[in-house]
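One structure is given below, encoded as structure tokens.
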Amino acid sequence: MSIQKKGEISIKGLPGSEGIAIGKVLVLDQKKKKVQPRKIKSEFLQNHLNRYAKAKQQFLKELEELTTNLDNETAGILETQKHIVSDIEIEQRINAAIKNESYSVDYSIYKIFNEFIERLMESGSELFQQRIIDIENIRDRLIALSCENEKILEVEKGAILIVKEISPTDLVSYHEKGVAGLIMDKGGVTSHAAIIAHSLNIPCLVSTKVAVQSASLSKQAIVNATNGELILNPSKETLTVFRKKLRKIQRSKAALRISKKASETRDGIPFHLRANIEFPQELSIAKQFGAEGIGLLRTEALLYGGVAKKSESEQDIFYEQILLNSSGQVTIRLFDVGGDKLNAHTPDEANPFLGWRGIRMLLDEKEMLISQIRAILKVAGKFPGRIKILVPMISVFEEIVEVKKVITQVKKSLISEGSKVDESVEIGIMIEVPSVALLAKHFAKEVDFFSIGTNDLTQYTLAVDRGNEQISALYQQHHPSVWQLIKLTKEAADENEIDLSVCGELAGDTLGASCLIGMGINDLSMSPTSIARVKETLINQSSAELKKLSEQILACKTNSEVQNFYKSWK
Amino acid sequence: MIKKKVTILNSSGLHARPSAALVKLASKFKSDFYIHMYGYRVNGKSILGVMTLAAEQGAELVFEVDGSDEKEALESILELVENKFGMINE
């Protein structure tokens, strides 16, 4: 125990069940009622025999109720407890102690259990010694049940229960009343209370030794079971730190819960939420949040660090790693950078976002384009049907015709080299320049899919530089003009029966995603951490409600009208 | 009545869960089942009795089975001991 900031007390313990809890302190300093040898009159014998039988039944019932919904390990431990409660040797001897020696039921239970406990203690075996606390708990629970049901204290929701020790059944009762964390002075990490705490998913520390005596005057506590620490009377600063941590944990728990639900609107219309990623390290997060594949794999990182062109084999490794560690489709976007990333000698441009970037640069730097397409096609041959190629920054029709020509040539040369090639790799374009959205009906006949990049589309439509703070209020990604271009794109995709997805920030915000789904665009890709929030919004809406929202938004004149509609709709 | 000498094979001995498995099996038979070890004699259908033996790996026990189904009972119990009480993570 150590005192840190003003009044803050820190006590170390062993983590019995991980997690963090913040709550009011509830100290349970039950002075164990000493069981005294007590003889009873013969007319009460039957009554005491019945009370024992009833207590046993009640205890078994409690254990039975606990066993449902537990993992095998915990269920196995409770199974052992049940055997101990219904042990025939114990039963015979307790009944004999009542009948033949006229001992009261509580003392009979106490005496007989202790005979076994003493023998276990004598055995000197470490492993068995650990079980003694459990057997004592069973003994005390039986005594309590045979006398009178133990009173469970009233609990404030979220309270941290601090005890010397506690029986599994009492712990479950307290948990039902709202206890959110457990501190136990005695016991080890494998004690039954700790295991039950784990299966109830409440943070628990054991072996804290002095928590009960230290906490008697404390009001609030933080259990940081992950670090094996109990903090009594936490300071404001400490509380802020832990509230933040707790929110983070809760968010990821909620995300996990949502990721298990089906991706469909309330009335069962399916949609797909995919992840935008740049590094293989992001795949586990994407998976955790339930992403259905990678809707946008950025490849620019391959170019950073002053290397103008990563070798084809380095690229192979990168793509292969992504494919190996993900499932479902992976849409790879070709290098989408400005000339400044290519080499330091490129002259500065006055308007780089209107300049030499994306496919404009790649078509001038053919060697770089070819090496990337070669690497992608080779990996696609190993993972047929999973890779799609996405071409960025197309602004005029001729560009896509030329890119396709290059891809066909690379395919041919790979085949002649004997490489395995996925013949049907789909080729699509980013819709991010208004000229392409306006002529989408022509582009749709030339490509396999569209992916709307709403960030650039917004900046090019509204003529707003995203990075210019002075005009940042004009960067309105929900602006009606952007929605009109999306609508045009959607109509062209439908008419030509090609796939359409949205991979900009619009897809990752709840308004944007709701309206897109309402328009019938059911394939959205976003930052992995947005998936849970978007999914939660979408699964709680019906397709009719979403459609109505999108119709209203498409009729808007200004961004503030859009925002108001959304507010009233929510 | 039949008696049989056995050695405990599993590494952590007759701790709580193997004892539970043993008691559970023995209780299915009508025959009485006792275990002798170093002069102690305990009821093999009592988990606390079995646990108080604190039999560790290598402990030598004598099983005593007495009753109408004693042969079957002993056979099943021996099989359990040989299978290390079904403890997978030994």
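Chain labels follow the order of the structure tokens: the first chain is A, the next B, and so on; residue numbering restarts at 1 in every chain, and ligands are counted from 1 in their shown order.
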Per residue of chain A within 12 Å of chain B, note the shortest atom pair and the distance in Å to one decimal, counting only C-alpha atoms, and order the rows by chain and increasing residue number, as CSV.
```
residue,atom,partner,partner_atom,distance
A:Glu73,CA,B:Arg17,CA,10.5
A:Thr74,CA,B:Arg17,CA,11.5
A:Ala75,CA,B:Arg17,CA,11.1
A:Gly76,CA,B:Arg17,CA,7.4
A:Ile77,CA,B:Arg17,CA,7.3
A:Leu78,CA,B:Arg17,CA,10.0
A:Glu79,CA,B:Ala20,CA,7.7
A:Thr80,CA,B:Ala20,CA,5.5
A:Gln81,CA,B:Ala20,CA,8.8
A:Lys82,CA,B:Ala20,CA,9.2
A:His83,CA,B:Ala20,CA,6.5
A:Ile84,CA,B:Ile47,CA,6.0
A:Val85,CA,B:Ile47,CA,9.4
A:Ser86,CA,B:Ser46,CA,8.8
A:Asp87,CA,B:Ser46,CA,5.2
A:Ile88,CA,B:Ser46,CA,5.7
A:Glu89,CA,B:Ser46,CA,5.4
A:Ile90,CA,B:Ser46,CA,7.6
A:Glu91,CA,B:Ser46,CA,9.6
A:Gln92,CA,B:Ser46,CA,10.5
A:Arg93,CA,B:Ser46,CA,11.5
A:Ile112,CA,B:Leu48,CA,10.8
A:Phe113,CA,B:Leu48,CA,8.9
A:Asn114,CA,B:Leu48,CA,11.0
A:Glu115,CA,B:Thr52,CA,9.9
A:Phe116,CA,B:Thr52,CA,6.6
A:Ile117,CA,B:Thr52,CA,7.9
A:Glu118,CA,B:Thr52,CA,8.9
A:Arg119,CA,B:Thr52,CA,5.9
A:Leu120,CA,B:Thr52,CA,4.9
A:Met121,CA,B:Thr52,CA,8.6
A:Glu122,CA,B:Thr52,CA,8.9
A:Ser123,CA,B:Ala54,CA,6.1
A:Gly124,CA,B:Ala54,CA,8.4
A:Ser125,CA,B:Ala54,CA,6.7
A:Glu126,CA,B:Ala54,CA,9.8
A:Leu127,CA,B:His15,CA,7.3
A:Phe128,CA,B:His15,CA,6.7
A:Gln129,CA,B:Ala54,CA,9.7
A:Gln130,CA,B:Ala16,CA,10.3
A:Arg131,CA,B:Ala16,CA,7.7
A:Ile132,CA,B:Met51,CA,10.6
A:Asp134,CA,B:Ala16,CA,10.7
A:Ile135,CA,B:Leu48,CA,9.1
A:Ile138,CA,B:Leu48,CA,11.9
```
Could the residues in this selection be written to a file with C-alpha atoms, as a tab-separated table (two decimals), in the first residue's frame?
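File part-v8.tsv, as written:
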```
chain	number	residue	atom	x	y	z
A	73	GLU	CA	-13.29	-24.63	-17.55
A	74	THR	CA	-15.59	-22.78	-15.17
A	75	ALA	CA	-18.37	-25.32	-15.56
A	76	GLY	CA	-15.87	-28.02	-14.60
A	77	ILE	CA	-15.02	-26.20	-11.38
A	78	LEU	CA	-18.67	-25.82	-10.48
A	79	GLU	CA	-19.17	-29.49	-11.26
A	80	THR	CA	-16.53	-30.27	-8.64
A	81	GLN	CA	-18.31	-27.98	-6.19
A	82	LYS	CA	-21.54	-29.84	-6.79
A	83	HIS	CA	-19.80	-33.11	-5.99
A	84	ILE	CA	-18.52	-31.64	-2.75
A	85	VAL	CA	-21.96	-30.33	-1.75
A	86	SER	CA	-23.59	-33.68	-2.40
A	87	ASP	CA	-20.72	-35.79	-1.02
A	88	ILE	CA	-22.30	-38.91	0.49
A	89	GLU	CA	-19.69	-39.31	3.18
A	90	ILE	CA	-20.28	-35.74	4.36
A	91	GLU	CA	-24.02	-36.21	4.19
A	92	GLN	CA	-23.98	-39.37	6.25
A	93	ARG	CA	-21.74	-37.85	8.89
A	112	ILE	CA	-17.80	-32.49	9.69
A	113	PHE	CA	-16.36	-30.22	6.99
A	114	ASN	CA	-13.56	-29.23	9.33
A	115	GLU	CA	-12.59	-32.84	9.84
A	116	PHE	CA	-11.92	-33.10	6.13
A	117	ILE	CA	-10.31	-29.67	5.92
A	118	GLU	CA	-7.90	-30.55	8.73
A	119	ARG	CA	-6.88	-33.72	6.96
A	120	LEU	CA	-6.30	-31.78	3.75
A	121	MET	CA	-4.15	-29.31	5.66
A	122	GLU	CA	-2.12	-32.13	7.11
A	123	SER	CA	-1.49	-33.57	3.67
A	124	GLY	CA	0.98	-30.76	3.07
A	125	SER	CA	0.33	-30.76	-0.67
A	126	GLU	CA	0.42	-27.25	-2.19
A	127	LEU	CA	-2.21	-27.99	-4.77
A	128	PHE	CA	-4.73	-29.29	-2.25
A	129	GLN	CA	-4.10	-26.46	0.16
A	130	GLN	CA	-5.37	-24.05	-2.47
A	131	ARG	CA	-8.69	-25.85	-2.54
A	132	ILE	CA	-9.20	-25.39	1.19
A	134	ASP	CA	-13.08	-23.20	-1.68
A	135	ILE	CA	-14.18	-25.95	0.67
A	138	ILE	CA	-18.90	-24.25	0.57
```
| request: Give the alpha helix (DSSP H) residues of stretch 67-302 of chain A, as DSSP finds them on the backbone, and put them as a ChimeraX atom specification. | output: /A:67,72-85,88-101,105-123,126-147,168-177,192-200,211-215,236-259,283-288
| request: Find the distance between atom CA of A:Ser263 and atom CA of A:Asp499 and write it in Å to one decimal. | output: 18.2 Å
| Of the listed residues B:Leu80, B:Ala73, B:Ala59, B:Leu9, that which approaches B:Phe33 most closely, counting only C-alpha atoms |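 Using only C-alpha atoms, the shortest distance to B:Phe33 belongs to B:Ala73.
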